[in-house]
Amino acid sequence: MFHQRADLVGEVLVPASDLADIDPAAYGRAMSKYDDTPERRRLRDTVIPGLGRGWTEVVFLSPVHPHAIWRAWRETRGRELPRAEFWAIPADDLPHGTVVLDRTVSAVGDPIEPAEVAPFDPASFTSAMEVPAANRAWLEEMVRRGVSGAWFHGIPHVLAPGAVPLHRAHVISWEQDIDSNVGLDG
């Protein structure tokens with residue numbers, strides 16, 4: 001499981017809404033990323049079916065190895081993404097109640113369809129080493145439009161309903177080849 005590395009207070013990842021009490025400046029930065037479009041503003045009020053938590057009350061993780069995203073971007077765009085680091089988090093460390101959101105029916109800002117959410121099973125989890133077709137199509141559309149961003153669009157999200165410990169996580173960069181990252185599914 002992967003999450004882009006950020007400055008932390010403590011040794012856990014927490015949902016954006018929890019930052020209000022822990023680090024008000026970080027909370028402001030986290031919430032401001034939802035201000036750019038009407039659809040993204042509605043995300044703040046989106047409820048995750050079966051979880052009973054809102055969009056900002058979960059920790060978002062990627063099941064796709066960051067190098068696969070970096071490689072797909074390079075192949076599609078013809079250049080590399082800026083350097084970024086990620087925590088590689090053992091699947092067993094995710095809190096009980098974690099789910100997978102694969103948004104294939106509803107659109108950003110719309111209510112999530114219950115069929116798009118499934119329980120997360122750490123015992124059967126394996127990191128994806130390629131981006132899904134939907135992500136590659138998104139990247140190709142970004143190239144056609146001459147814009148960049150939303151690198152994780154079209155990739156399922158793993159949503160943790162609370163703090164995610166980082167004591168067993170290790171840091172990787174997305175330009176670091178997949179073959180050099182052994183044992184990430186633990």
# chains A, B, ... in the order shown; residues from 1 in each chain; ligands from 1
>>> residues_around(residues="stretch 50-65 of chain A", least_positions_apart="6", cutoff="7 Å", atoms="only C-alpha atoms", output="JSON, numbers by chain")
{"A": [1, 2, 3, 14, 15, 16, 17, 43, 44, 127, 128, 129, 130, 131, 157, 158, 159, 160, 161, 162]}
>>> atom_distance(atom1="atom CA of A:Pro114", atom2="atom CA of A:Pro156")
14.3 Å
>>> select_by_dssp(residues="chain A", states="strand (DSSP E or B)", output="PyMOL selection string")
chain A and resi 2-4+12-13+47-48+53-54+59-62+64+85-88+99-101+117-119+128+157-160+164-165+170-173
>>> select_by_dssp(residues="stretch 108-159 of chain A", states="alpha helix (DSSP H)", output="list in words")
Ala133, Ala134, Asn135, Arg136, Ala137, Trp138, Leu139, Glu140, Glu141, Met142, Val143, Arg144 and Arg145 of chain A
>>> closest_residue(among="A:Asp36, A:Asp21, A:Asp45, A:Glu175", to="A:Pro111", atoms="only C-alpha atoms")
A:Asp45
>>> closest_residue(among="A:Val117, A:Met142, A:Ala84, A:Ala72", to="A:Val99", atoms="only C-alpha atoms")
A:Val117
>>> residues_around(residues="A:Trp87", least_positions_apart="3", cutoff="9 Å", atoms="only C-alpha atoms", output="list in words")
Met1, Phe2, His3, Gln4, Arg5, Leu166, Ala169, His170, Val171, Ile172 and Ser173 of chain A
>>> closest_residue(among="A:Leu101, A:Ala150, A:Ala68, A:Ala107", to="A:Lys33", atoms="only C-alpha atoms")
A:Ala150
>>> atom_distance(atom1="atom CA of A:Thr126", atom2="atom CA of A:Ile69")
16.0 Å
>>> atom_distance(atom1="atom CA of A:Arg83", atom2="atom CA of A:Arg41")
28.1 Å
>>> residues_around(residues="A:Trp151", least_positions_apart="4", cutoff="12 Å", atoms="only C-alpha atoms", output="PyMOL selection string")
chain A and resi 4+62+64+66-74+76-77+81-82+131-132+134-143+147+155
>>> write_last_selection(atoms="N, CA and C atoms", output="mmCIF file, in the first residue's frame")
data_model
loop_
_atom_site.group_PDB
_atom_site.id
_atom_site.type_symbol
_atom_site.label_atom_id
_atom_site.label_comp_id
_atom_site.auth_asym_id
_atom_site.auth_seq_id
_atom_site.Cartn_x
_atom_site.Cartn_y
_atom_site.Cartn_z
ATOM 1 N N GLN A 4 1.788 9.097 -0.684
ATOM 2 C CA GLN A 4 2.853 10.064 -0.925
ATOM 3 C C GLN A 4 3.320 10.637 0.411
ATOM 4 N N SER A 62 -2.851 4.124 -2.242
ATOM 5 C CA SER A 62 -2.856 3.554 -3.592
ATOM 6 C C SER A 62 -2.406 2.102 -3.544
ATOM 7 N N VAL A 64 -1.445 0.661 -6.252
ATOM 8 C CA VAL A 64 -0.538 0.575 -7.406
ATOM 9 C C VAL A 64 0.832 1.096 -7.000
ATOM 10 N N PRO A 66 4.064 3.038 -6.927
ATOM 11 C CA PRO A 66 4.332 4.360 -7.501
ATOM 12 C C PRO A 66 5.174 4.331 -8.774
ATOM 13 N N HIS A 67 6.103 3.381 -8.891
ATOM 14 C CA HIS A 67 6.929 3.322 -10.093
ATOM 15 C C HIS A 67 6.077 3.038 -11.336
ATOM 16 N N ALA A 68 5.015 2.254 -11.185
ATOM 17 C CA ALA A 68 4.131 1.968 -12.326
ATOM 18 C C ALA A 68 3.474 3.252 -12.823
ATOM 19 N N ILE A 69 3.097 4.134 -11.903
ATOM 20 C CA ILE A 69 2.484 5.417 -12.276
ATOM 21 C C ILE A 69 3.527 6.301 -12.952
ATOM 22 N N TRP A 70 4.706 6.375 -12.347
ATOM 23 C CA TRP A 70 5.798 7.161 -12.911
ATOM 24 C C TRP A 70 6.146 6.680 -14.314
ATOM 25 N N ARG A 71 6.239 5.346 -14.485
ATOM 26 C CA ARG A 71 6.588 4.757 -15.783
ATOM 27 C C ARG A 71 5.506 5.037 -16.825
ATOM 28 N N ALA A 72 4.222 4.888 -16.431
ATOM 29 C CA ALA A 72 3.119 5.154 -17.370
ATOM 30 C C ALA A 72 3.133 6.619 -17.811
ATOM 31 N N TRP A 73 3.400 7.512 -16.868
ATOM 32 C CA TRP A 73 3.476 8.938 -17.204
ATOM 33 C C TRP A 73 4.617 9.185 -18.187
ATOM 34 N N ARG A 74 5.781 8.606 -17.911
ATOM 35 C CA ARG A 74 6.942 8.796 -18.785
ATOM 36 C C ARG A 74 6.663 8.244 -20.182
ATOM 37 N N THR A 76 3.749 7.834 -21.609
ATOM 38 C CA THR A 76 2.672 8.582 -22.259
ATOM 39 C C THR A 76 3.088 10.004 -22.589
ATOM 40 N N ARG A 77 3.753 10.647 -21.646
ATOM 41 C CA ARG A 77 4.105 12.058 -21.779
ATOM 42 C C ARG A 77 5.467 12.276 -22.428
ATOM 43 N N LEU A 81 8.090 12.503 -14.229
ATOM 44 C CA LEU A 81 7.450 13.328 -13.206
ATOM 45 C C LEU A 81 8.511 13.862 -12.256
ATOM 46 N N PRO A 82 8.210 14.963 -11.577
ATOM 47 C CA PRO A 82 9.162 15.449 -10.569
ATOM 48 C C PRO A 82 9.361 14.399 -9.478
ATOM 49 N N VAL A 131 -0.417 0.257 -14.113
ATOM 50 C CA VAL A 131 -1.593 1.098 -13.905
ATOM 51 C C VAL A 131 -2.784 0.472 -14.624
ATOM 52 N N PRO A 132 -3.996 0.679 -14.116
ATOM 53 C CA PRO A 132 -5.172 0.180 -14.825
ATOM 54 C C PRO A 132 -5.362 0.923 -16.155
ATOM 55 N N ALA A 134 -7.861 2.478 -17.232
ATOM 56 C CA ALA A 134 -8.530 3.776 -17.036
ATOM 57 C C ALA A 134 -7.517 4.869 -16.706
ATOM 58 N N ASN A 135 -6.491 4.545 -15.946
ATOM 59 C CA ASN A 135 -5.474 5.525 -15.617
ATOM 60 C C ASN A 135 -4.650 5.872 -16.856
ATOM 61 N N ARG A 136 -4.266 4.870 -17.619
ATOM 62 C CA ARG A 136 -3.484 5.131 -18.831
ATOM 63 C C ARG A 136 -4.298 5.986 -19.810
ATOM 64 N N ALA A 137 -5.589 5.701 -19.957
ATOM 65 C CA ALA A 137 -6.444 6.510 -20.843
ATOM 66 C C ALA A 137 -6.510 7.953 -20.346
ATOM 67 N N TRP A 138 -6.588 8.130 -19.020
ATOM 68 C CA TRP A 138 -6.604 9.473 -18.434
ATOM 69 C C TRP A 138 -5.304 10.202 -18.759
ATOM 70 N N LEU A 139 -4.178 9.535 -18.570
ATOM 71 C CA LEU A 139 -2.890 10.157 -18.857
ATOM 72 C C LEU A 139 -2.795 10.560 -20.329
ATOM 73 N N GLU A 140 -3.273 9.695 -21.217
ATOM 74 C CA GLU A 140 -3.257 10.016 -22.643
ATOM 75 C C GLU A 140 -4.132 11.232 -22.938
ATOM 76 N N GLU A 141 -5.274 11.339 -22.262
ATOM 77 C CA GLU A 141 -6.151 12.506 -22.436
ATOM 78 C C GLU A 141 -5.465 13.774 -21.930
ATOM 79 N N MET A 142 -4.747 13.676 -20.829
ATOM 80 C CA MET A 142 -4.014 14.839 -20.305
ATOM 81 C C MET A 142 -2.967 15.309 -21.310
ATOM 82 N N VAL A 143 -2.287 14.366 -21.937
ATOM 83 C CA VAL A 143 -1.285 14.713 -22.954
ATOM 84 C C VAL A 143 -1.965 15.401 -24.133
ATOM 85 N N VAL A 147 -2.156 19.280 -20.529
ATOM 86 C CA VAL A 147 -2.163 19.600 -19.102
ATOM 87 C C VAL A 147 -1.562 18.437 -18.323
ATOM 88 N N ILE A 155 -7.332 5.062 -10.832
ATOM 89 C CA ILE A 155 -6.718 4.019 -10.012
ATOM 90 C C ILE A 155 -7.615 3.801 -8.800
#
